[in-house]
$ cat coords.cif   # mmCIF, C-alpha atoms
data_coords
loop_
_atom_site.group_PDB
_atom_site.id
_atom_site.type_symbol
_atom_site.label_atom_id
_atom_site.label_comp_id
_atom_site.auth_asym_id
_atom_site.auth_seq_id
_atom_site.Cartn_x
_atom_site.Cartn_y
_atom_site.Cartn_z
ATOM 1 C CA MET A 904 -98.122 93.187 75.266
ATOM 2 C CA SER A 905 -101.286 92.728 77.284
ATOM 3 C CA SER A 906 -102.141 89.539 75.362
ATOM 4 C CA LEU A 907 -98.750 88.095 76.278
ATOM 5 C CA MET A 908 -99.385 88.945 79.912
ATOM 6 C CA ASP A 909 -102.814 87.336 79.721
ATOM 7 C CA MET A 910 -101.318 84.169 78.268
ATOM 8 C CA ALA A 911 -98.667 84.120 80.966
ATOM 9 C CA LEU A 912 -101.341 84.564 83.612
ATOM 10 C CA ILE A 913 -103.424 81.698 82.183
ATOM 11 C CA GLY A 914 -100.370 79.468 82.126
ATOM 12 C CA ALA A 915 -99.503 80.402 85.705
ATOM 13 C CA VAL A 916 -103.054 79.639 86.876
ATOM 14 C CA MET A 917 -103.026 76.230 85.178
ATOM 15 C CA ALA A 918 -99.658 75.281 86.651
ATOM 16 C CA SER A 919 -100.638 76.562 90.088
ATOM 17 C CA THR A 920 -103.959 74.678 89.904
ATOM 18 C CA LEU A 921 -102.197 71.387 89.228
ATOM 19 C CA ARG A 922 -99.718 71.908 92.056
ATOM 20 C CA GLY A 923 -102.476 72.951 94.441
ATOM 21 C CA THR A 924 -104.601 69.964 93.444
ATOM 22 C CA THR A 925 -101.902 67.314 93.885
ATOM 23 C CA PRO A 926 -101.583 67.123 97.710
ATOM 24 C CA ILE A 927 -105.356 67.327 98.154
ATOM 25 C CA LEU A 928 -105.920 64.656 95.506
ATOM 26 C CA LEU A 929 -103.275 62.338 96.961
ATOM 27 C CA GLY A 930 -104.784 62.548 100.417
ATOM 28 C CA ALA A 931 -108.346 62.320 99.098
ATOM 29 C CA LEU A 932 -107.700 59.223 96.977
ATOM 30 C CA GLY A 933 -106.265 57.413 99.973
ATOM 31 C CA GLU A 934 -109.108 58.617 102.183
ATOM 32 C CA THR A 935 -111.621 57.375 99.591
ATOM 33 C CA PHE A 936 -110.523 53.792 100.193
ATOM 34 C CA VAL A 937 -110.335 54.348 103.958
ATOM 35 C CA GLU A 938 -113.886 55.667 104.229
ATOM 36 C CA ARG A 939 -115.219 53.073 101.793
ATOM 37 C CA SER A 940 -113.990 50.457 104.269
ATOM 38 C CA GLY A 941 -115.945 52.053 107.109
ATOM 39 C CA LEU A 942 -113.209 54.163 108.728
ATOM 40 C CA LEU A 943 -113.196 57.950 109.095
ATOM 41 C CA ASN A 944 -109.592 59.104 109.288
ATOM 42 C CA LEU A 945 -109.508 62.624 110.705
ATOM 43 C CA GLY A 946 -105.804 62.010 111.263
ATOM 44 C CA LEU A 947 -105.142 62.649 107.567
ATOM 45 C CA GLU A 948 -104.078 66.216 108.299
ATOM 46 C CA GLY A 949 -101.517 64.952 110.807
ATOM 47 C CA MET A 950 -100.257 62.286 108.398
ATOM 48 C CA MET A 951 -99.659 64.988 105.807
ATOM 49 C CA VAL A 952 -97.760 67.120 108.336
ATOM 50 C CA ALA A 953 -95.659 64.132 109.417
ATOM 51 C CA GLY A 954 -95.003 63.185 105.804
ATOM 52 C CA ALA A 955 -93.902 66.715 104.953
ATOM 53 C CA PHE A 956 -91.505 66.861 107.912
ATOM 54 C CA ALA A 957 -90.109 63.338 107.546
ATOM 55 C CA SER A 958 -89.500 63.747 103.822
ATOM 56 C CA PHE A 959 -87.698 67.056 104.259
ATOM 57 C CA LEU A 960 -85.635 65.874 107.223
ATOM 58 C CA VAL A 961 -84.464 62.662 105.553
ATOM 59 C CA GLY A 962 -84.031 64.271 102.158
ATOM 60 C CA PHE A 963 -82.070 67.197 103.595
ATOM 61 C CA LYS A 964 -79.861 65.175 105.941
ATOM 62 C CA LEU A 965 -79.125 62.368 103.462
ATOM 63 C CA ASP A 966 -79.199 64.614 100.373
ATOM 64 C CA SER A 967 -81.608 62.224 98.667
ATOM 65 C CA LEU A 968 -85.021 63.275 97.401
ATOM 66 C CA MET A 969 -86.105 59.688 96.766
ATOM 67 C CA LEU A 970 -85.263 58.600 100.310
ATOM 68 C CA GLY A 971 -87.269 61.593 101.489
ATOM 69 C CA PHE A 972 -90.365 60.366 99.669
ATOM 70 C CA VAL A 973 -89.780 56.829 100.980
ATOM 71 C CA ALA A 974 -89.546 58.221 104.518
ATOM 72 C CA ALA A 975 -92.825 60.101 104.044
ATOM 73 C CA ALA A 976 -94.592 56.950 102.855
ATOM 74 C CA ALA A 977 -93.143 54.974 105.789
ATOM 75 C CA VAL A 978 -94.195 57.562 108.382
ATOM 76 C CA GLY A 979 -97.678 57.759 106.868
ATOM 77 C CA MET A 980 -97.960 53.983 106.948
ATOM 78 C CA ILE A 981 -96.861 53.868 110.601
ATOM 79 C CA LEU A 982 -99.462 56.460 111.587
ATOM 80 C CA GLY A 983 -102.021 54.531 109.547
ATOM 81 C CA LEU A 984 -101.081 51.375 111.415
ATOM 82 C CA LEU A 985 -101.458 53.228 114.729
ATOM 83 C CA PHE A 986 -104.878 54.496 113.673
ATOM 84 C CA GLY A 987 -105.870 50.992 112.572
ATOM 85 C CA PHE A 988 -104.703 49.341 115.788
ATOM 86 C CA MET A 989 -106.589 51.844 117.928
ATOM 87 C CA THR A 990 -109.825 51.847 115.926
ATOM 88 C CA ILE A 991 -109.990 48.388 114.318
ATOM 89 C CA THR A 992 -108.382 46.162 116.958
ATOM 90 C CA LEU A 993 -109.159 48.127 120.124
ATOM 91 C CA ARG A 994 -112.347 49.723 118.681
ATOM 92 C CA VAL A 995 -111.580 53.178 120.121
ATOM 93 C CA ASN A 996 -113.692 56.060 118.806
ATOM 94 C CA GLN A 997 -112.389 56.915 115.336
ATOM 95 C CA ILE A 998 -112.940 60.663 115.603
ATOM 96 C CA VAL A 999 -111.020 60.885 118.870
ATOM 97 C CA VAL A 1000 -108.112 58.827 117.517
ATOM 98 C CA GLY A 1001 -107.942 60.814 114.289
ATOM 99 C CA LEU A 1002 -107.906 64.173 116.009
ATOM 100 C CA GLY A 1003 -105.360 62.837 118.502
ATOM 101 C CA ILE A 1004 -103.022 61.763 115.683
ATOM 102 C CA THR A 1005 -103.324 65.178 114.042
ATOM 103 C CA ILE A 1006 -102.573 67.039 117.270
ATOM 104 C CA PHE A 1007 -99.675 64.683 118.040
ATOM 105 C CA ALA A 1008 -98.184 65.064 114.554
ATOM 106 C CA HIS A 1009 -98.420 68.857 114.599
ATOM 107 C CA ALA A 1010 -96.860 69.130 118.052
ATOM 108 C CA SER A 1011 -94.111 66.542 117.563
ATOM 109 C CA CYS A 1012 -93.050 67.842 114.137
ATOM 110 C CA SER A 1013 -92.912 71.436 115.425
ATOM 111 C CA PHE A 1014 -90.873 70.302 118.427
ATOM 112 C CA LEU A 1015 -88.455 68.170 116.412
ATOM 113 C CA HIS A 1016 -87.994 70.910 113.820
ATOM 114 C CA ARG A 1017 -87.118 73.376 116.572
ATOM 115 C CA VAL A 1018 -84.699 70.893 118.182
ATOM 116 C CA ILE A 1019 -82.960 69.948 114.935
ATOM 117 C CA PHE A 1020 -82.970 73.243 113.027
ATOM 118 C CA GLY A 1021 -83.512 75.800 115.769
ATOM 119 C CA ASN A 1022 -84.994 79.025 114.407
ATOM 120 C CA GLN A 1023 -83.678 78.354 110.912
ATOM 121 C CA PHE A 1024 -85.707 77.130 107.941
ATOM 122 C CA PRO A 1025 -83.165 75.594 105.576
ATOM 123 C CA ILE A 1026 -83.921 75.162 101.889
ATOM 124 C CA MET A 1027 -83.217 72.019 99.885
ATOM 125 C CA PHE A 1028 -82.229 73.509 96.555
ATOM 126 C CA THR A 1029 -82.472 70.225 94.635
ATOM 127 C CA ALA A 1030 -86.166 69.837 95.531
ATOM 128 C CA GLY A 1031 -89.077 70.829 93.330
ATOM 129 C CA GLN A 1032 -87.454 69.846 90.058
ATOM 130 C CA THR A 1033 -89.813 69.430 87.119
ATOM 131 C CA HIS A 1034 -89.715 66.970 84.239
ATOM 132 C CA GLU A 1035 -90.795 67.848 80.731
ATOM 133 C CA VAL A 1036 -92.929 65.400 78.765
ATOM 134 C CA PRO A 1037 -91.443 65.214 75.248
ATOM 135 C CA LEU A 1038 -93.564 66.759 72.482
ATOM 136 C CA LEU A 1039 -96.503 67.519 74.796
ATOM 137 C CA SER A 1040 -94.515 70.177 76.649
ATOM 138 C CA LYS A 1041 -94.069 72.042 73.345
ATOM 139 C CA ILE A 1042 -97.813 72.635 72.842
ATOM 140 C CA PRO A 1043 -98.471 76.410 72.834
ATOM 141 C CA LEU A 1044 -100.003 77.920 75.976
ATOM 142 C CA ILE A 1045 -100.787 74.629 77.799
ATOM 143 C CA GLY A 1046 -97.588 72.690 77.117
ATOM 144 C CA GLN A 1047 -95.373 74.069 79.876
ATOM 145 C CA PRO A 1048 -98.055 74.449 82.586
ATOM 146 C CA LEU A 1049 -99.431 70.921 82.097
ATOM 147 C CA PHE A 1050 -96.454 68.884 80.944
ATOM 148 C CA ASN A 1051 -93.478 70.362 82.771
ATOM 149 C CA GLN A 1052 -94.274 69.303 86.309
ATOM 150 C CA HIS A 1053 -92.947 67.177 89.169
ATOM 151 C CA TRP A 1054 -92.966 63.393 88.665
ATOM 152 C CA LEU A 1055 -95.274 62.840 91.652
ATOM 153 C CA LEU A 1056 -97.856 65.170 90.095
ATOM 154 C CA TYR A 1057 -97.940 63.013 86.961
ATOM 155 C CA LEU A 1058 -98.149 59.851 89.054
ATOM 156 C CA THR A 1059 -101.007 61.267 91.128
ATOM 157 C CA PHE A 1060 -103.147 62.188 88.139
ATOM 158 C CA LEU A 1061 -102.419 58.890 86.374
ATOM 159 C CA SER A 1062 -103.426 56.978 89.511
ATOM 160 C CA VAL A 1063 -107.029 58.245 89.297
ATOM 161 C CA PRO A 1064 -108.223 55.800 86.586
ATOM 162 C CA VAL A 1065 -106.105 53.023 88.117
ATOM 163 C CA LEU A 1066 -107.712 53.449 91.533
ATOM 164 C CA TYR A 1067 -111.145 53.730 89.920
ATOM 165 C CA PHE A 1068 -110.521 50.367 88.264
ATOM 166 C CA ILE A 1069 -109.324 48.851 91.545
ATOM 167 C CA MET A 1070 -112.347 50.175 93.415
ATOM 168 C CA TYR A 1071 -115.014 48.912 91.024
ATOM 169 C CA LYS A 1072 -113.428 46.145 88.945
ATOM 170 C CA THR A 1073 -111.303 44.090 91.358
ATOM 171 C CA SER A 1074 -112.093 41.762 94.220
ATOM 172 C CA LEU A 1075 -110.128 43.979 96.637
ATOM 173 C CA GLY A 1076 -112.239 47.009 95.761
ATOM 174 C CA LEU A 1077 -115.457 45.053 96.097
ATOM 175 C CA ARG A 1078 -114.342 43.721 99.499
ATOM 176 C CA ILE A 1079 -113.535 47.254 100.669
ATOM 177 C CA GLN A 1080 -116.978 48.451 99.624
ATOM 178 C CA ALA A 1081 -118.634 45.465 101.282
ATOM 179 C CA VAL A 1082 -116.971 45.940 104.674
ATOM 180 C CA GLY A 1083 -117.908 49.624 104.589
ATOM 181 C CA GLU A 1084 -121.587 48.908 103.990
ATOM 182 C CA THR A 1085 -122.447 45.580 105.639
ATOM 183 C CA PRO A 1086 -119.370 44.181 107.407
ATOM 184 C CA TRP A 1087 -121.350 41.381 109.058
ATOM 185 C CA ALA A 1088 -122.571 40.173 105.647
ATOM 186 C CA ALA A 1089 -119.076 40.420 104.184
ATOM 187 C CA ASP A 1090 -117.739 38.451 107.163
ATOM 188 C CA SER A 1091 -120.306 35.703 106.694
ATOM 189 C CA SER A 1092 -119.247 35.514 103.016
ATOM 190 C CA GLY A 1093 -115.648 34.794 103.982
ATOM 191 C CA VAL A 1094 -114.215 38.316 103.778
ATOM 192 C CA ASN A 1095 -111.749 39.180 106.526
ATOM 193 C CA VAL A 1096 -113.214 42.505 107.665
ATOM 194 C CA LEU A 1097 -110.347 43.517 109.938
ATOM 195 C CA LYS A 1098 -107.660 42.674 107.371
ATOM 196 C CA THR A 1099 -109.494 44.575 104.643
ATOM 197 C CA ARG A 1100 -109.812 47.658 106.830
ATOM 198 C CA TYR A 1101 -106.128 47.449 107.760
ATOM 199 C CA ILE A 1102 -105.191 47.366 104.057
ATOM 200 C CA ALA A 1103 -107.343 50.444 103.439
ATOM 201 C CA ILE A 1104 -105.938 52.501 106.312
ATOM 202 C CA LEU A 1105 -102.325 51.575 105.503
ATOM 203 C CA PHE A 1106 -102.880 52.690 101.924
ATOM 204 C CA GLY A 1107 -104.534 55.881 103.157
ATOM 205 C CA GLY A 1108 -101.574 56.564 105.451
ATOM 206 C CA ILE A 1109 -99.062 56.108 102.639
ATOM 207 C CA MET A 1110 -101.014 58.463 100.381
ATOM 208 C CA GLY A 1111 -101.306 61.034 103.187
ATOM 209 C CA GLY A 1112 -97.564 60.888 103.830
ATOM 210 C CA LEU A 1113 -96.795 61.352 100.134
ATOM 211 C CA ALA A 1114 -99.250 64.261 99.982
ATOM 212 C CA GLY A 1115 -97.227 66.047 102.650
ATOM 213 C CA ALA A 1116 -93.967 65.120 100.949
ATOM 214 C CA PHE A 1117 -95.148 66.700 97.717
ATOM 215 C CA MET A 1118 -95.583 70.016 99.491
ATOM 216 C CA SER A 1119 -92.140 70.038 101.118
ATOM 217 C CA LEU A 1120 -90.095 68.377 98.341
ATOM 218 C CA GLY A 1121 -92.258 68.595 95.221
ATOM 219 C CA ASP A 1122 -93.866 72.008 95.264
ATOM 220 C CA LEU A 1123 -91.745 73.891 97.797
ATOM 221 C CA ALA A 1124 -88.224 73.122 98.999
ATOM 222 C CA PHE A 1125 -88.530 73.613 102.742
ATOM 223 C CA PHE A 1126 -90.647 72.712 105.756
ATOM 224 C CA VAL A 1127 -92.576 74.928 108.134
ATOM 225 C CA PRO A 1128 -94.878 73.420 110.788
ATOM 226 C CA ASN A 1129 -98.082 75.072 109.525
ATOM 227 C CA MET A 1130 -97.519 74.488 105.811
ATOM 228 C CA ILE A 1131 -100.387 71.978 105.337
ATOM 229 C CA MET A 1132 -102.953 74.637 106.354
ATOM 230 C CA GLY A 1133 -105.999 72.383 106.557
ATOM 231 C CA ARG A 1134 -105.485 70.558 103.268
ATOM 232 C CA GLY A 1135 -106.040 67.232 105.002
ATOM 233 C CA TYR A 1136 -109.479 68.336 106.142
ATOM 234 C CA ILE A 1137 -110.234 69.717 102.682
ATOM 235 C CA ALA A 1138 -109.323 66.297 101.269
ATOM 236 C CA ILE A 1139 -111.866 64.679 103.605
ATOM 237 C CA VAL A 1140 -114.522 67.126 102.402
ATOM 238 C CA VAL A 1141 -113.608 66.347 98.786
ATOM 239 C CA VAL A 1142 -114.048 62.615 99.425
ATOM 240 C CA MET A 1143 -117.539 63.083 100.817
ATOM 241 C CA LEU A 1144 -118.602 65.516 98.099
ATOM 242 C CA GLY A 1145 -117.166 63.126 95.497
ATOM 243 C CA LYS A 1146 -119.337 60.337 96.941
ATOM 244 C CA TRP A 1147 -116.323 58.047 97.425
ATOM 245 C CA ASP A 1148 -115.806 57.743 93.675
ATOM 246 C CA PRO A 1149 -112.153 58.340 92.566
ATOM 247 C CA LEU A 1150 -113.211 60.153 89.380
ATOM 248 C CA LYS A 1151 -115.592 62.515 91.185
ATOM 249 C CA VAL A 1152 -113.026 62.999 93.940
ATOM 250 C CA PHE A 1153 -110.560 64.057 91.251
ATOM 251 C CA LEU A 1154 -112.972 66.713 89.978
ATOM 252 C CA GLY A 1155 -113.557 67.992 93.516
ATOM 253 C CA ALA A 1156 -109.827 68.197 94.217
ATOM 254 C CA LEU A 1157 -109.350 70.066 90.951
ATOM 255 C CA LEU A 1158 -111.960 72.624 92.050
ATOM 256 C CA PHE A 1159 -110.167 73.310 95.305
ATOM 257 C CA GLY A 1160 -106.794 73.327 93.554
ATOM 258 C CA PHE A 1161 -108.126 76.020 91.244
ATOM 259 C CA SER A 1162 -109.457 78.063 94.158
ATOM 260 C CA MET A 1163 -106.021 77.902 95.769
ATOM 261 C CA SER A 1164 -104.370 79.056 92.547
ATOM 262 C CA LEU A 1165 -106.444 82.237 92.758
ATOM 263 C CA THR A 1166 -104.436 83.337 95.793
ATOM 264 C CA SER A 1167 -101.459 84.010 93.525
ATOM 265 C CA ALA A 1168 -103.317 84.725 90.269
ATOM 266 C CA LEU A 1169 -105.317 87.623 91.688
ATOM 267 C CA GLN A 1170 -102.187 89.191 93.091
ATOM 268 C CA VAL A 1171 -100.311 88.772 89.797
ATOM 269 C CA ALA A 1172 -103.271 90.253 87.913
ATOM 270 C CA GLY A 1173 -103.098 93.315 90.145
ATOM 271 C CA VAL A 1174 -106.623 92.958 91.501
ATOM 272 C CA LYS A 1175 -107.011 95.325 94.424
ATOM 273 C CA VAL A 1176 -108.274 92.880 97.003
ATOM 274 C CA SER A 1177 -107.033 92.434 100.540
ATOM 275 C CA PRO A 1178 -104.354 89.689 100.712
ATOM 276 C CA ASP A 1179 -106.142 88.252 103.747
ATOM 277 C CA PHE A 1180 -109.338 87.870 101.725
ATOM 278 C CA ILE A 1181 -107.410 86.188 98.905
ATOM 279 C CA LEU A 1182 -105.974 83.665 101.353
ATOM 280 C CA MET A 1183 -109.498 82.974 102.594
ATOM 281 C CA THR A 1184 -110.725 82.057 99.095
ATOM 282 C CA PRO A 1185 -110.088 78.273 99.192
ATOM 283 C CA TYR A 1186 -111.857 77.924 102.518
ATOM 284 C CA LEU A 1187 -114.796 80.033 101.371
ATOM 285 C CA VAL A 1188 -115.104 77.609 98.445
ATOM 286 C CA VAL A 1189 -115.182 74.716 100.933
ATOM 287 C CA ILE A 1190 -118.014 76.317 102.898
ATOM 288 C CA ALA A 1191 -119.986 77.245 99.771
ATOM 289 C CA THR A 1192 -119.600 73.764 98.312
ATOM 290 C CA LEU A 1193 -120.746 72.169 101.546
ATOM 291 C CA LEU A 1194 -123.831 74.382 101.637
ATOM 292 C CA ILE A 1195 -124.720 73.436 98.074
ATOM 293 C CA PHE A 1196 -123.966 69.713 97.981
ATOM 294 C CA ALA A 1197 -123.756 68.384 101.547
ATOM 295 C CA ARG A 1198 -127.436 67.444 101.754
ATOM 296 C CA SER A 1199 -127.127 64.983 98.885
ATOM 297 C CA THR A 1200 -124.266 63.059 100.488
ATOM 298 C CA ASN A 1201 -125.028 59.496 101.588
ATOM 299 C CA LEU A 1202 -122.417 58.067 103.938
ATOM 300 C CA PRO A 1203 -121.294 54.423 103.793
ATOM 301 C CA ALA A 1204 -123.613 52.556 106.156
ATOM 302 C CA ALA A 1205 -120.854 51.299 108.456
ATOM 303 C CA LEU A 1206 -118.748 54.477 108.479
ATOM 304 C CA CYS A 1207 -117.327 55.146 111.960
ATOM 305 C CA VAL A 1208 -118.973 51.948 113.298
ATOM 306 C CA PRO A 1209 -116.486 49.551 114.984
ATOM 307 C CA TYR A 1210 -116.919 45.932 113.926
ATOM 308 C CA GLU A 1211 -116.876 43.008 116.301
ATOM 309 C CA ARG A 1212 -117.441 39.543 114.930
ATOM 310 C CA GLY A 1213 -120.849 38.146 115.783
ATOM 311 C CA GLN A 1214 -122.502 41.565 116.003
ATOM 312 C CA LYS A 1215 -124.674 43.354 113.431
#

$ encode --input "coords.cif" --output "structure tokens"
Amino acid sequence: MSSLMDMALIGAVMASTLRGTTPILLGALGETFVERSGLLNLGLEGMMVAGAFASFLVGFKLDSLMLGFVAAAAVGMILGLLFGFMTITLRVNQIVVGLGITIFAHASCSFLHRVIFGNQFPIMFTAGQTHEVPLLSKIPLIGQPLFNQHWLLYLTFLSVPVLYFIMYKTSLGLRIQAVGETPWAADSSGVNVLKTRYIAILFGGIMGGLAGAFMSLGDLAFFVPNMIMGRGYIAIVVVMLGKWDPLKVFLGALLFGFSMSLTSALQVAGVKVSPDFILMTPYLVVIATLLIFARSTNLPAALCVPYERGQK
């Protein structure tokens, strides 16, 4: 009996780890390209909040999950465009703009949710559906936790090698790296620095919006204003600890996804630990990881540095 419970617990931890990893990984992969281009998007947290709200609102009102995800991507792209216009075109301080977008998104989504739904928190019962992978889902112990998940989870994990290839094996990836290190040299070589940075931030916005949508429509089936709970900032930490490499970023996101799964696993296992301490676990992992690895992090040379043609 105890062995069956242990197996069930292992399966639950694996499934919870994957679900906890997905929104962080989505946001972090987009942020990897953004920071490689020389932009620091602290508005990622706000983009995730806006994506979560927009996806739930559209999906709930139109009874269409797919339109909900499209709405999340569109809202994320719009906020990315706003961030790009302020920081790339107008050359406003990136940290100020990012924090401003996050504050704006939190406040506006809370306000709109209260206006539209009042004090109610409706549930979209069709959300969160999983899809079994034939044959693989039948593997004992790991089959159901790993291969009976939401379609966006599969897409997120499969995108890691694709984005790695784009970053290091395509001209677009090389241009993004160039404008994040020596934009003046890239400009003199014929690379459009501003256009390349716009492409990066728009992609980062779309990924941030989808990360929020996964939480409201993929993992859960409702929206509450504080549901992101700092995952956008954790994604930024993961990017820096992963040294802007999609594969290393994936491993970092998996670590934090696992730490988040402990919040439910420890409770299921009956460990007598304060629930408040359990909820603190993911953030304690962030602090510990920063203390261990932060010193070895080398930022892109032009990160947070506005570019104006003719200047070095």

$ closest_residue --input "coords.cif" --among "A:Leu1038, A:Ala1081, A:Leu982, A:Val1063" --to "Gly949 in chain A" --atoms "only C-alpha atoms"
A:Leu982

$ closest_residue --input "coords.cif" --among "A:Pro1209, A:Gly987, A:Gly1112, A:Gly1076" --to "Gly954 in chain A" --atoms "all atoms listed in the file"
A:Gly1112

$ resolve_selection --input "coords.cif" --expression "the PyMOL selection byres ((chain A and resi 914-916) around 8)" --output "list in words"
Met910, Ala911, Leu912, Ile913, Met917, Ala918, Ser919, Thr920, Leu1044, Ile1045, Gln1047, Pro1048, Phe1161, Ser1164, Leu1165 and Ala1168 of chain A

$ residues_around --input "coords.cif" --residues "Leu993 in chain A" --least-positions-apart "5" --cutoff "12 Å" --atoms "all atoms listed in the file" --output "VMD selection string"
chain A and resid 985 to 988 1000 1097 1209 to 1211

$ residues_around --input "coords.cif" --residues "range 1124-1141 of chain A" --least-positions-apart "2" --cutoff "6 Å" --atoms "all atoms listed in the file" --output "ChimeraX atom specification"
/A:927,930-931,947-948,1013,1026-1027,1030,1119-1120,1143-1145,1152,1155

$ write_last_selection --input "coords.cif" --atoms "C-alpha atoms" --output "PDB file, in the coordinates of the input"
ATOM      1  CA  ILE A 927    -105.356  67.327  98.154  1.00  0.00           C
ATOM      2  CA  GLY A 930    -104.784  62.548 100.417  1.00  0.00           C
ATOM      3  CA  ALA A 931    -108.346  62.320  99.098  1.00  0.00           C
ATOM      4  CA  LEU A 947    -105.142  62.649 107.567  1.00  0.00           C
ATOM      5  CA  GLU A 948    -104.078  66.216 108.299  1.00  0.00           C
ATOM      6  CA  SER A1013     -92.912  71.436 115.425  1.00  0.00           C
ATOM      7  CA  ILE A1026     -83.921  75.162 101.889  1.00  0.00           C
ATOM      8  CA  MET A1027     -83.217  72.019  99.885  1.00  0.00           C
ATOM      9  CA  ALA A1030     -86.166  69.837  95.531  1.00  0.00           C
ATOM     10  CA  SER A1119     -92.140  70.038 101.118  1.00  0.00           C
ATOM     11  CA  LEU A1120     -90.095  68.377  98.341  1.00  0.00           C
ATOM     12  CA  MET A1143    -117.539  63.083 100.817  1.00  0.00           C
ATOM     13  CA  LEU A1144    -118.602  65.516  98.099  1.00  0.00           C
ATOM     14  CA  GLY A1145    -117.166  63.126  95.497  1.00  0.00           C
ATOM     15  CA  VAL A1152    -113.026  62.999  93.940  1.00  0.00           C
ATOM     16  CA  GLY A1155    -113.557  67.992  93.516  1.00  0.00           C
TER      17      GLY A1155
END

$ atom_distance --input "coords.cif" --atom1 "CA of Leu1182 in chain A" --atom2 "CA of Gly923 in chain A"
13.2 Å

$ resolve_selection --input "coords.cif" --expression "the PyMOL selection byres ((chain A and resi 1052) around 7)" --output "number ranges by chain"
A: 1033-1035, 1049-1051, 1053-1054, 1056
